[in-house]
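Text of the file protein38.cif, holding mmCIF, C-alpha atoms:
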```cif
data_final
loop_
_atom_site.label_atom_id
_atom_site.label_comp_id
_atom_site.auth_asym_id
_atom_site.auth_seq_id
_atom_site.Cartn_x
_atom_site.Cartn_y
_atom_site.Cartn_z
CA MET A 288 52.41 223.46 88.52
CA THR A 289 51.53 219.77 88.75
CA THR A 290 52.83 219.13 85.23
CA THR A 291 56.13 220.80 86.08
CA VAL A 292 56.54 218.65 89.19
CA VAL A 293 55.81 215.48 87.21
CA ARG A 294 58.34 216.45 84.54
CA THR A 295 60.94 217.25 87.18
CA ARG A 296 60.49 213.86 88.82
CA ALA A 297 60.62 212.10 85.45
CA ASP A 298 63.81 213.94 84.52
CA ALA A 299 65.38 213.06 87.90
CA ALA A 300 64.45 209.40 87.44
CA ALA A 301 65.93 209.41 83.94
CA GLU A 302 69.16 210.87 85.29
CA ARG A 303 69.39 208.05 87.86
CA LEU A 304 69.09 205.33 85.20
CA PRO A 305 72.46 203.63 84.51
CA GLY A 306 74.05 204.12 81.13
CA ALA A 307 75.17 201.44 78.70
CA PHE A 308 78.49 200.97 80.52
CA GLY A 309 76.84 200.60 83.92
CA ILE A 310 74.34 198.10 82.55
CA GLY A 311 77.22 196.29 80.86
CA LEU A 312 78.95 195.92 84.24
CA ARG A 313 75.80 194.43 85.72
CA ARG A 314 75.40 192.18 82.71
CA GLY A 315 79.01 191.07 83.11
CA ALA A 316 78.41 190.19 86.76
CA LEU A 317 75.40 188.13 85.68
CA GLU A 318 77.42 186.36 82.98
CA LEU A 319 80.11 185.47 85.53
CA ARG A 320 77.57 184.13 88.03
CA GLN A 321 75.99 181.98 85.36
CA PHE A 322 79.39 180.70 84.25
CA PHE A 323 80.63 179.72 87.72
CA ARG A 324 77.35 178.02 88.58
CA GLN A 325 78.02 175.48 85.82
CA ARG A 326 80.76 173.57 87.60
CA ASP A 327 81.42 171.09 84.81
CA GLN A 328 81.97 173.96 82.35
CA VAL A 329 84.28 175.73 84.81
CA VAL A 330 86.37 172.60 85.37
CA PHE A 331 86.60 171.83 81.64
CA THR A 332 87.46 175.42 80.68
CA PHE A 333 90.33 175.80 83.15
CA ALA A 334 91.57 172.20 83.23
CA PHE A 335 91.69 171.52 79.48
CA PRO A 336 94.85 173.53 78.61
CA VAL A 337 96.52 172.52 81.89
CA VAL A 338 95.98 168.83 81.15
CA PHE A 339 97.30 169.22 77.61
CA LEU A 340 100.30 171.17 78.91
CA PHE A 341 101.06 168.37 81.36
CA LEU A 342 100.72 165.69 78.66
CA PHE A 343 102.86 167.38 76.01
CA ALA A 344 105.44 168.66 78.50
CA SER A 345 105.77 165.14 79.94
CA ILE A 346 106.10 163.46 76.54
CA PHE A 347 108.45 166.08 75.04
CA SER A 348 110.74 167.13 77.87
CA ASP A 349 114.19 167.07 76.24
CA ASP A 350 116.35 170.13 75.69
CA VAL A 351 115.74 172.00 72.45
CA GLU A 352 119.02 172.06 70.55
CA GLY A 353 120.52 175.52 70.13
CA ALA A 354 117.62 177.30 71.89
CA GLY A 355 118.76 177.11 75.52
CA ILE A 356 115.36 175.86 76.71
CA THR A 357 113.50 172.60 77.20
CA ALA A 358 110.54 171.48 75.12
CA SER A 359 108.43 171.73 78.29
CA GLN A 360 109.21 175.44 78.59
CA LEU A 361 108.31 175.91 74.94
CA TYR A 362 104.80 174.57 75.54
CA VAL A 363 103.92 176.92 78.42
CA PRO A 364 103.45 180.21 76.45
CA ALA A 365 101.83 178.29 73.58
CA MET A 366 99.24 176.80 75.92
CA MET A 367 98.68 180.25 77.43
CA ALA A 368 97.84 181.59 73.97
CA ALA A 369 95.52 178.64 73.32
CA GLY A 370 93.88 179.23 76.71
CA ILE A 371 93.23 182.89 75.85
CA MET A 372 91.64 181.90 72.55
CA SER A 373 89.63 179.15 74.24
CA THR A 374 88.07 181.50 76.80
CA SER A 375 87.26 184.10 74.13
CA PHE A 376 86.79 182.74 70.60
CA GLN A 377 85.54 179.26 71.47
CA SER A 378 83.51 180.26 74.52
CA LEU A 379 81.68 183.15 72.85
CA GLY A 380 81.22 181.39 69.52
CA ILE A 381 79.40 178.49 71.17
CA SER A 382 77.51 180.30 73.95
CA ILE A 383 76.11 183.09 71.75
CA ALA A 384 74.97 180.60 69.11
CA ILE A 385 73.13 178.62 71.80
CA GLU A 386 71.56 181.80 73.24
CA ARG A 387 70.40 182.78 69.76
CA ASP A 388 68.92 179.33 69.13
CA GLU A 389 67.10 179.41 72.50
CA LYS A 390 65.75 182.89 71.63
CA VAL A 391 67.55 184.50 74.57
CA LEU A 392 69.02 187.15 72.26
CA ARG A 393 65.62 187.86 70.75
CA ARG A 394 64.12 188.46 74.19
CA LEU A 395 67.04 190.67 75.26
CA ARG A 396 66.70 192.71 72.07
CA GLY A 397 63.10 193.46 73.07
CA THR A 398 64.17 194.95 76.42
CA PRO A 399 65.34 198.54 77.03
CA MET A 400 68.91 197.27 77.54
CA PRO A 401 71.27 198.89 75.00
CA PRO A 402 72.79 196.30 72.63
CA ALA A 403 76.26 197.51 73.61
CA SER A 404 75.60 196.42 77.21
CA TYR A 405 75.12 192.81 76.12
CA PHE A 406 78.50 192.76 74.40
CA LEU A 407 80.16 194.57 77.31
CA GLY A 408 78.87 191.81 79.57
CA LYS A 409 80.48 189.20 77.32
CA ILE A 410 83.75 191.16 77.29
CA TRP A 411 83.84 191.21 81.10
CA LEU A 412 83.24 187.46 81.10
CA VAL A 413 86.12 186.66 78.73
CA LEU A 414 88.41 189.16 80.46
CA VAL A 415 87.97 187.57 83.89
CA THR A 416 88.12 183.99 82.65
CA GLY A 417 91.06 184.79 80.35
CA LEU A 418 93.02 186.32 83.24
CA MET A 419 92.26 183.34 85.46
CA GLU A 420 93.25 180.86 82.75
CA THR A 421 96.52 182.68 82.11
CA ALA A 422 97.31 182.93 85.84
CA ILE A 423 96.74 179.18 86.31
CA LEU A 424 99.00 178.28 83.37
CA LEU A 425 101.67 180.71 84.59
CA LEU A 426 101.55 179.11 88.03
CA VAL A 427 101.92 175.64 86.56
CA GLY A 428 104.68 176.77 84.19
CA THR A 429 106.75 178.51 86.84
CA THR A 430 106.40 175.79 89.49
CA LEU A 431 106.70 172.64 87.37
CA TYR A 432 108.55 173.59 84.19
CA ASP A 433 111.06 176.25 85.28
CA VAL A 434 109.59 179.05 83.20
CA ASP A 435 110.89 182.36 84.56
CA LEU A 436 108.61 185.35 85.01
CA PRO A 437 109.75 188.42 83.04
CA SER A 438 112.49 190.24 84.93
CA ASP A 439 112.05 193.64 83.27
CA ALA A 440 109.18 196.03 82.59
CA THR A 441 109.57 195.76 78.81
CA ARG A 442 108.66 192.07 78.75
CA TRP A 443 105.69 192.65 81.07
CA PHE A 444 104.59 195.43 78.73
CA HIS A 445 104.79 193.04 75.77
CA PHE A 446 102.79 190.44 77.68
CA THR A 447 100.10 193.00 78.58
CA TRP A 448 99.41 194.33 75.08
CA ILE A 449 99.60 190.86 73.53
CA PHE A 450 97.04 189.64 76.08
CA VAL A 451 94.71 192.62 75.52
CA LEU A 452 94.91 192.64 71.71
CA GLY A 453 94.77 188.85 71.46
CA LEU A 454 91.80 188.54 73.80
CA THR A 455 89.94 191.37 72.05
CA GLY A 456 90.55 190.05 68.54
CA CYS A 457 89.61 186.48 69.47
CA ALA A 458 86.49 187.63 71.34
CA LEU A 459 85.32 189.61 68.30
CA LEU A 460 85.99 186.61 66.06
CA GLY A 461 83.99 184.45 68.47
CA ILE A 462 81.03 186.84 68.27
CA ALA A 463 81.30 186.85 64.47
CA ILE A 464 81.52 183.07 64.06
CA SER A 465 78.51 182.60 66.35
CA SER A 466 76.34 183.56 63.36
CA VAL A 467 77.66 180.68 61.25
CA PRO A 468 76.03 177.65 62.97
CA LYS A 469 72.47 177.01 61.86
CA SER A 470 71.51 175.89 65.35
CA GLY A 471 72.86 175.74 68.87
CA LYS A 472 73.38 171.98 68.54
CA SER A 473 75.87 172.41 65.69
CA ALA A 474 77.74 175.32 67.30
CA THR A 475 80.36 173.17 69.04
CA SER A 476 81.36 171.39 65.83
CA VAL A 477 81.47 174.59 63.78
CA VAL A 478 83.61 176.48 66.32
CA VAL A 479 85.89 173.76 67.73
CA LEU A 480 87.10 172.36 64.37
CA PRO A 481 88.82 175.54 63.08
CA PHE A 482 90.21 176.23 66.56
CA LEU A 483 91.68 172.72 66.75
CA VAL A 484 93.26 173.02 63.29
CA LEU A 485 94.74 176.41 64.18
CA GLN A 486 96.37 174.96 67.29
CA PHE A 487 98.26 172.42 65.17
CA ILE A 488 99.48 174.90 62.53
CA SER A 489 100.19 177.82 64.88
CA GLY A 490 102.83 176.27 67.12
CA VAL A 491 100.70 175.17 70.08
CA TYR A 492 101.08 171.39 69.92
CA ILE A 493 103.93 171.17 67.43
CA ALA A 494 107.14 173.22 67.58
CA ILE A 495 107.34 175.99 64.99
CA ASP A 496 110.61 174.70 63.50
CA THR A 497 109.01 171.33 62.63
CA ILE A 498 105.88 172.67 60.89
CA PRO A 499 106.04 173.03 57.07
CA ASP A 500 106.32 176.63 55.91
CA TRP A 501 103.09 176.47 53.89
CA MET A 502 101.18 175.50 57.04
CA LEU A 503 102.85 178.27 59.02
CA ASN A 504 101.89 180.76 56.30
CA ILE A 505 98.25 179.72 56.64
CA GLY A 506 98.47 179.94 60.43
CA ALA A 507 100.02 183.40 60.10
CA LEU A 508 96.74 184.67 58.67
CA PHE A 509 95.11 184.21 62.08
CA PRO A 510 95.85 185.64 65.53
CA LEU A 511 96.76 182.43 67.41
CA LYS A 512 100.16 182.01 65.72
CA TRP A 513 101.14 185.56 66.62
CA MET A 514 99.89 185.25 70.19
CA CYS A 515 102.04 182.13 70.64
CA GLN A 516 105.07 183.89 69.18
CA GLY A 517 104.57 187.02 71.26
CA LEU A 518 104.13 185.13 74.53
CA ARG A 519 107.24 183.10 73.78
CA GLY A 520 109.05 186.39 73.37
CA ALA A 521 107.73 187.60 76.72
CA PHE A 522 108.56 184.50 78.76
CA LEU A 523 111.42 182.69 77.03
CA PRO A 524 115.08 183.78 76.73
CA ASP A 525 116.24 185.50 73.56
CA SER A 526 118.20 182.38 72.61
CA ALA A 527 114.86 180.73 71.72
CA GLN A 528 114.34 183.20 68.84
CA VAL A 529 116.18 180.80 66.52
CA LEU A 530 113.11 178.54 66.57
CA GLU A 531 110.83 181.15 65.04
CA GLN A 532 110.07 181.15 61.33
CA ALA A 533 111.67 184.59 60.88
CA GLY A 534 114.40 184.01 63.49
CA GLY A 535 113.08 186.77 65.80
CA TRP A 536 110.16 187.73 68.01
CA GLU A 537 108.83 190.39 65.59
CA PHE A 538 106.85 192.32 68.22
CA GLY A 539 106.05 195.09 65.73
CA ARG A 540 104.49 192.66 63.26
CA ILE A 541 102.62 190.91 66.08
CA ALA A 542 101.07 194.22 67.16
CA LEU A 543 100.13 195.02 63.56
CA VAL A 544 98.46 191.64 62.93
CA LEU A 545 96.60 191.48 66.25
CA GLY A 546 95.49 195.10 65.86
CA ALA A 547 94.26 194.35 62.34
CA TRP A 548 92.26 191.40 63.67
CA CYS A 549 90.64 193.64 66.28
CA VAL A 550 89.50 196.03 63.54
CA GLY A 551 88.59 193.22 61.14
CA GLY A 552 86.77 191.30 63.86
CA LEU A 553 84.71 194.37 64.74
CA LEU A 554 83.74 194.83 61.09
CA LEU A 555 82.78 191.16 60.83
CA CYS A 556 80.58 191.50 63.92
CA LEU A 557 78.84 194.57 62.52
CA LEU A 558 78.23 192.84 59.19
CA THR A 559 77.22 189.37 60.36
CA PHE A 560 75.76 189.49 63.88
CA ARG A 561 72.10 188.57 64.15
CA TRP A 562 69.75 188.65 67.14
CA LYS A 563 67.64 185.76 65.84
CA ASN A 564 68.05 182.64 63.69
CA ARG A 565 67.62 182.72 59.93
CA ARG A 566 64.53 180.54 60.19
CA ASP A 567 62.89 183.15 62.43
CA GLY A 568 63.03 185.72 59.64
#
```

Could the structure of this file be written out as structure tokens, please?
Amino acid sequence: MTTTVVRTRADAAAERLPGAFGIGLRRGALELRQFFRQRDQVVFTFAFPVVFLFLFASIFSDDVEGAGITASQLYVPAMMAAGIMSTSFQSLGISIAIERDEKVLRRLRGTPMPPASYFLGKIWLVLVTGLMETAILLLVGTTLYDVDLPSDATRWFHFTWIFVLGLTGCALLGIAISSVPKSGKSATSVVVLPFLVLQFISGVYIAIDTIPDWMLNIGALFPLKWMCQGLRGAFLPDSAQVLEQAGGWEFGRIALVLGAWCVGGLLLCLLTFRWKNRRDG
């Protein structure tokens, strides 16, 4: 009788334990609290693309010939794409490498928390910060640079799936590249350099029609170029299509490439992610 009661209570307690998704939500809330407590990181994360948008839009503000837009308007969706990649790829690549170096991951792996919950927490972090970054850039673009919000549901639909696929693919790439740095101290250099190069060859800082084709072809292998192109298609008039390498928005190809990076990024994470440094065995 006593044994039965004990088993019943144990079973009831087990049923009350949150699953991996519930723990992931709690982990995400913790990640967000930790992020917003670091005020310098918050200011840098959200201000960096806004400052660059202001600088480039102020320097290059003339009308773009034959496109029906100004150079300032051209920079807004490009900076939005860079902001999405910054809050996902760059943020996760650096922070996870530091957590691994400080043995935070090793300690978490020794707890009952499912590994999936840790990654869910990171996804919640990049989702919230990515939405906030995009909202800030949209506010700046619409108030200062005459960028019009989409007037039909189709363009909002394009914006939504580009945001989701782009954020997911870049977040997975960030998790994968976090295993490359040998230490937390070298993580910033390892992650920021390829991101900076991609911004120059993907149409963020330099207009697509002025970048050599061979550079564009290299940029086309990565998601940032397609995110820039897709967001231009969502927020700029169709007359701006003439600036694209293929002369069109190519939403189908954008979906294919970003979807492939989501799958490829997941495979890279499964193959490369480590809970401890190489020197720890």

- Query: the PyMOL selection byres ((chain A and resi 419) around 12) on the file shown: which residues, as a ChimeraX atom specification?
  - Reply: /A:329,332-334,367,370-371,374,412-418,420-426

- Query: Do you know which residues are at most 9 Å from range 540-543 of chain A counting only C-alpha atoms, after dropping those on the same chain fewer than 3 positions away, and could you put them as a ChimeraX atom specification?
  - Reply: /A:448-449,452,510,513-514,516-517,536-537,546-548

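With all atoms listed in the file as the atoms that count, the residue of A:Ala358, A:Leu454, A:Ile346, A:Leu317 with the shortest distance to Cys549 in chain A is A:Leu454.
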
- Task: Using CA of Asp435 in chain A and CA of Phe487 in chain A as the two end points, give the distance in Å to one decimal.
- Result: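 Separation of CA of Asp435 in chain A and CA of Phe487 in chain A: 25.2 Å.
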
Using all atoms listed in the file, tabulate the residues of range 332-436 of chain A lying at most 9 Å from any atom of range 491-508 of chain A, each with its closest atom pair and that distance in Å to one decimal, by chain and increasing residue number, as JSON lines.
```
{"residue": "A:Phe339", "atom": "CA", "partner": "A:Tyr492", "partner_atom": "CA", "distance": 8.8}
{"residue": "A:Phe343", "atom": "CA", "partner": "A:Tyr492", "partner_atom": "CA", "distance": 7.5}
{"residue": "A:Ala358", "atom": "CA", "partner": "A:Ala494", "partner_atom": "CA", "distance": 8.5}
{"residue": "A:Leu361", "atom": "CA", "partner": "A:Ala494", "partner_atom": "CA", "distance": 7.9}
{"residue": "A:Tyr362", "atom": "CA", "partner": "A:Val491", "partner_atom": "CA", "distance": 6.9}
{"residue": "A:Pro364", "atom": "CA", "partner": "A:Val491", "partner_atom": "CA", "distance": 8.6}
{"residue": "A:Ala365", "atom": "CA", "partner": "A:Val491", "partner_atom": "CA", "distance": 4.8}
{"residue": "A:Met366", "atom": "CA", "partner": "A:Val491", "partner_atom": "CA", "distance": 6.2}
{"residue": "A:Ala368", "atom": "CA", "partner": "A:Val491", "partner_atom": "CA", "distance": 8.0}
{"residue": "A:Ala369", "atom": "CA", "partner": "A:Val491", "partner_atom": "CA", "distance": 7.0}
```

- Task: Write out as JSON, numbers by chain each polymer residue whose atoms come within 6 Å of Ala344 in chain A, counting only C-alpha atoms; drop sequence neighbours fewer than 4 positions from it.
- Result: {"A": [340, 348, 359]}

So that I can see what lies close to Leu312 in chain A, please list as a PDB file with C-alpha atoms, in the frame of the given file the residues with an atom at most 12 Å from it, counting only C-alpha atoms and leaving out residues fewer than 4 positions away in the same chain.
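Produced file out.pdb, reproduced below:
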```pdb
ATOM      1  CA  PRO A 305      72.460 203.630  84.510  1.00  0.00           C
ATOM      2  CA  GLY A 306      74.050 204.120  81.130  1.00  0.00           C
ATOM      3  CA  ALA A 307      75.170 201.440  78.700  1.00  0.00           C
ATOM      4  CA  PHE A 308      78.490 200.970  80.520  1.00  0.00           C
ATOM      5  CA  ALA A 316      78.410 190.190  86.760  1.00  0.00           C
ATOM      6  CA  LEU A 317      75.400 188.130  85.680  1.00  0.00           C
ATOM      7  CA  GLU A 318      77.420 186.360  82.980  1.00  0.00           C
ATOM      8  CA  LEU A 319      80.110 185.470  85.530  1.00  0.00           C
ATOM      9  CA  ALA A 403      76.260 197.510  73.610  1.00  0.00           C
ATOM     10  CA  SER A 404      75.600 196.420  77.210  1.00  0.00           C
ATOM     11  CA  TYR A 405      75.120 192.810  76.120  1.00  0.00           C
ATOM     12  CA  PHE A 406      78.500 192.760  74.400  1.00  0.00           C
ATOM     13  CA  LEU A 407      80.160 194.570  77.310  1.00  0.00           C
ATOM     14  CA  GLY A 408      78.870 191.810  79.570  1.00  0.00           C
ATOM     15  CA  LYS A 409      80.480 189.200  77.320  1.00  0.00           C
ATOM     16  CA  ILE A 410      83.750 191.160  77.290  1.00  0.00           C
ATOM     17  CA  TRP A 411      83.840 191.210  81.100  1.00  0.00           C
ATOM     18  CA  LEU A 412      83.240 187.460  81.100  1.00  0.00           C
TER      19      LEU A 412
END
```

Once the PyMOL selection byres ((chain A and resi 446) around 10) is applied to the coordinates I shared, what remains selected? I want it as a tab-separated table (two decimals) with C-alpha atoms, in the coordinates of the input.
```tsv
chain	number	residue	atom	x	y	z
A	437	PRO	CA	109.75	188.42	83.04
A	440	ALA	CA	109.18	196.03	82.59
A	441	THR	CA	109.57	195.76	78.81
A	442	ARG	CA	108.66	192.07	78.75
A	443	TRP	CA	105.69	192.65	81.07
A	444	PHE	CA	104.59	195.43	78.73
A	445	HIS	CA	104.79	193.04	75.77
A	447	THR	CA	100.10	193.00	78.58
A	448	TRP	CA	99.41	194.33	75.08
A	449	ILE	CA	99.60	190.86	73.53
A	450	PHE	CA	97.04	189.64	76.08
A	451	VAL	CA	94.71	192.62	75.52
A	514	MET	CA	99.89	185.25	70.19
A	517	GLY	CA	104.57	187.02	71.26
A	518	LEU	CA	104.13	185.13	74.53
A	519	ARG	CA	107.24	183.10	73.78
A	520	GLY	CA	109.05	186.39	73.37
A	521	ALA	CA	107.73	187.60	76.72
A	522	PHE	CA	108.56	184.50	78.76
```

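In this model, the gap between CA of Ser373 in chain A and CA of Gly490 in chain A comes to 15.3 Å.
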
- CA of Phe322 in chain A and CA of Ile385 in chain A are how many Å apart? 14.1 Å

- Query: Hey, what comes out of the PyMOL selection byres ((chain A and resi 434) around 8) on this file? Could you write it as a count of residues only?
  - Reply: 11

- Query: Counting all atoms listed in the file, what is within 12 Å of Glu389 in chain A, bar same-chain residues fewer than 5 positions away, as a PyMOL selection string?
  - Reply: chain A and resi 382-384+394-395+470-472+562-564+567

- Message: Measuring between all atoms listed in the file, which one of A:Ser345, A:Gln532, A:Thr357, A:Ser378 shows the shortest distance to Ser489 in chain A?
- Response: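 Selected residue with least distance to Ser489 in chain A: A:Gln532.
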
- List the neighbours of Ile381 in chain A out to 12 Å using only C-alpha atoms; skip same-chain residues closer than 4 positions along the sequence, and give me the result as a count of residues only. 32

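Distance check against Gly355 in chain A using only C-alpha atoms: of A:Val337, A:Leu530, A:Ile310, A:Leu379, the minimum falls on A:Leu530.
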
- Which is closest to Val544 in chain A among A:Glu531, A:Val484, A:Thr559, A:Phe509, if we use all atoms listed in the file?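 Ranking A:Glu531, A:Val484, A:Thr559, A:Phe509 by distance to Val544 in chain A, first place goes to A:Phe509.
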
Please complete range 435-445 of chain A with all heavy atoms and give it back as an mmCIF file, in the frame of the given file.
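Listing of selection25.cif after writing:
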```
data_model
loop_
_atom_site.group_PDB
_atom_site.id
_atom_site.type_symbol
_atom_site.label_atom_id
_atom_site.label_comp_id
_atom_site.auth_asym_id
_atom_site.auth_seq_id
_atom_site.Cartn_x
_atom_site.Cartn_y
_atom_site.Cartn_z
ATOM 1 N N ASP A 435 110.623 181.174 83.726
ATOM 2 C CA ASP A 435 110.890 182.360 84.560
ATOM 3 C C ASP A 435 109.914 183.478 84.214
ATOM 4 O O ASP A 435 109.615 183.715 83.037
ATOM 5 C CB ASP A 435 112.317 182.856 84.341
ATOM 6 C CG ASP A 435 113.354 181.852 84.822
ATOM 7 O OD1 ASP A 435 113.085 181.167 85.837
ATOM 8 O OD2 ASP A 435 114.423 181.735 84.181
ATOM 9 N N LEU A 436 109.421 184.155 85.238
ATOM 10 C CA LEU A 436 108.610 185.350 85.010
ATOM 11 C C LEU A 436 109.494 186.443 84.436
ATOM 12 O O LEU A 436 110.702 186.489 84.726
ATOM 13 C CB LEU A 436 107.967 185.815 86.307
ATOM 14 C CG LEU A 436 106.897 184.892 86.908
ATOM 15 C CD1 LEU A 436 106.433 185.449 88.260
ATOM 16 C CD2 LEU A 436 105.722 184.742 85.968
ATOM 17 N N PRO A 437 108.945 187.324 83.604
ATOM 18 C CA PRO A 437 109.750 188.420 83.040
ATOM 19 C C PRO A 437 110.437 189.227 84.138
ATOM 20 O O PRO A 437 109.826 189.550 85.165
ATOM 21 C CB PRO A 437 108.712 189.268 82.289
ATOM 22 C CG PRO A 437 107.633 188.307 81.945
ATOM 23 C CD PRO A 437 107.564 187.339 83.089
ATOM 24 N N SER A 438 111.701 189.527 83.918
ATOM 25 C CA SER A 438 112.490 190.240 84.930
ATOM 26 C C SER A 438 112.585 191.736 84.666
ATOM 27 O O SER A 438 113.184 192.459 85.461
ATOM 28 C CB SER A 438 113.912 189.648 84.989
ATOM 29 O OG SER A 438 114.530 189.718 83.703
ATOM 30 N N ASP A 439 112.008 192.212 83.573
ATOM 31 C CA ASP A 439 112.050 193.640 83.270
ATOM 32 C C ASP A 439 110.685 194.123 82.808
ATOM 33 O O ASP A 439 109.841 193.341 82.364
ATOM 34 C CB ASP A 439 113.119 193.952 82.211
ATOM 35 C CG ASP A 439 112.873 193.190 80.910
ATOM 36 O OD1 ASP A 439 112.114 193.707 80.066
ATOM 37 O OD2 ASP A 439 113.407 192.074 80.771
ATOM 38 N N ALA A 440 110.482 195.435 82.901
ATOM 39 C CA ALA A 440 109.180 196.030 82.590
ATOM 40 C C ALA A 440 108.827 195.882 81.110
ATOM 41 O O ALA A 440 107.641 195.795 80.764
ATOM 42 C CB ALA A 440 109.181 197.510 82.979
ATOM 43 N N THR A 441 109.837 195.855 80.243
ATOM 44 C CA THR A 441 109.570 195.760 78.810
ATOM 45 C C THR A 441 108.853 194.460 78.456
ATOM 46 O O THR A 441 107.881 194.457 77.699
ATOM 47 C CB THR A 441 110.876 195.845 78.005
ATOM 48 O OG1 THR A 441 111.525 197.091 78.304
ATOM 49 C CG2 THR A 441 110.602 195.766 76.511
ATOM 50 N N ARG A 442 109.303 193.357 79.027
ATOM 51 C CA ARG A 442 108.660 192.070 78.750
ATOM 52 C C ARG A 442 107.252 192.020 79.326
ATOM 53 O O ARG A 442 106.346 191.443 78.712
ATOM 54 C CB ARG A 442 109.510 190.922 79.285
ATOM 55 C CG ARG A 442 110.771 190.661 78.452
ATOM 56 C CD ARG A 442 111.590 189.517 79.037
ATOM 57 N NE ARG A 442 112.769 189.258 78.234
ATOM 58 C CZ ARG A 442 112.861 188.306 77.307
ATOM 59 N NH1 ARG A 442 111.815 187.534 77.069
ATOM 60 N NH2 ARG A 442 113.973 188.114 76.627
ATOM 61 N N TRP A 443 107.050 192.594 80.510
ATOM 62 C CA TRP A 443 105.690 192.650 81.070
ATOM 63 C C TRP A 443 104.784 193.512 80.193
ATOM 64 O O TRP A 443 103.599 193.217 80.026
ATOM 65 C CB TRP A 443 105.721 193.203 82.496
ATOM 66 C CG TRP A 443 106.079 192.186 83.537
ATOM 67 C CD1 TRP A 443 107.180 192.172 84.333
ATOM 68 C CD2 TRP A 443 105.320 191.009 83.886
ATOM 69 N NE1 TRP A 443 107.170 191.077 85.154
ATOM 70 C CE2 TRP A 443 106.037 190.349 84.916
ATOM 71 C CE3 TRP A 443 104.118 190.458 83.435
ATOM 72 C CZ2 TRP A 443 105.580 189.161 85.493
ATOM 73 C CZ3 TRP A 443 103.661 189.281 84.006
ATOM 74 C CH2 TRP A 443 104.379 188.642 85.019
ATOM 75 N N PHE A 444 105.351 194.572 79.640
ATOM 76 C CA PHE A 444 104.590 195.430 78.730
ATOM 77 C C PHE A 444 104.177 194.643 77.490
ATOM 78 O O PHE A 444 103.020 194.720 77.046
ATOM 79 C CB PHE A 444 105.410 196.650 78.335
ATOM 80 C CG PHE A 444 104.766 197.498 77.271
ATOM 81 C CD1 PHE A 444 103.640 198.251 77.544
ATOM 82 C CD2 PHE A 444 105.287 197.525 75.975
ATOM 83 C CE1 PHE A 444 103.031 199.029 76.555
ATOM 84 C CE2 PHE A 444 104.699 198.301 74.994
ATOM 85 C CZ PHE A 444 103.574 199.047 75.290
ATOM 86 N N HIS A 445 105.109 193.861 76.932
ATOM 87 C CA HIS A 445 104.790 193.040 75.770
ATOM 88 C C HIS A 445 103.684 192.033 76.108
ATOM 89 O O HIS A 445 102.739 191.838 75.327
ATOM 90 C CB HIS A 445 106.026 192.290 75.282
ATOM 91 C CG HIS A 445 107.034 193.161 74.598
ATOM 92 N ND1 HIS A 445 106.670 194.147 73.704
ATOM 93 C CD2 HIS A 445 108.398 193.190 74.661
ATOM 94 C CE1 HIS A 445 107.764 194.745 73.243
ATOM 95 N NE2 HIS A 445 108.810 194.186 73.813
#
```
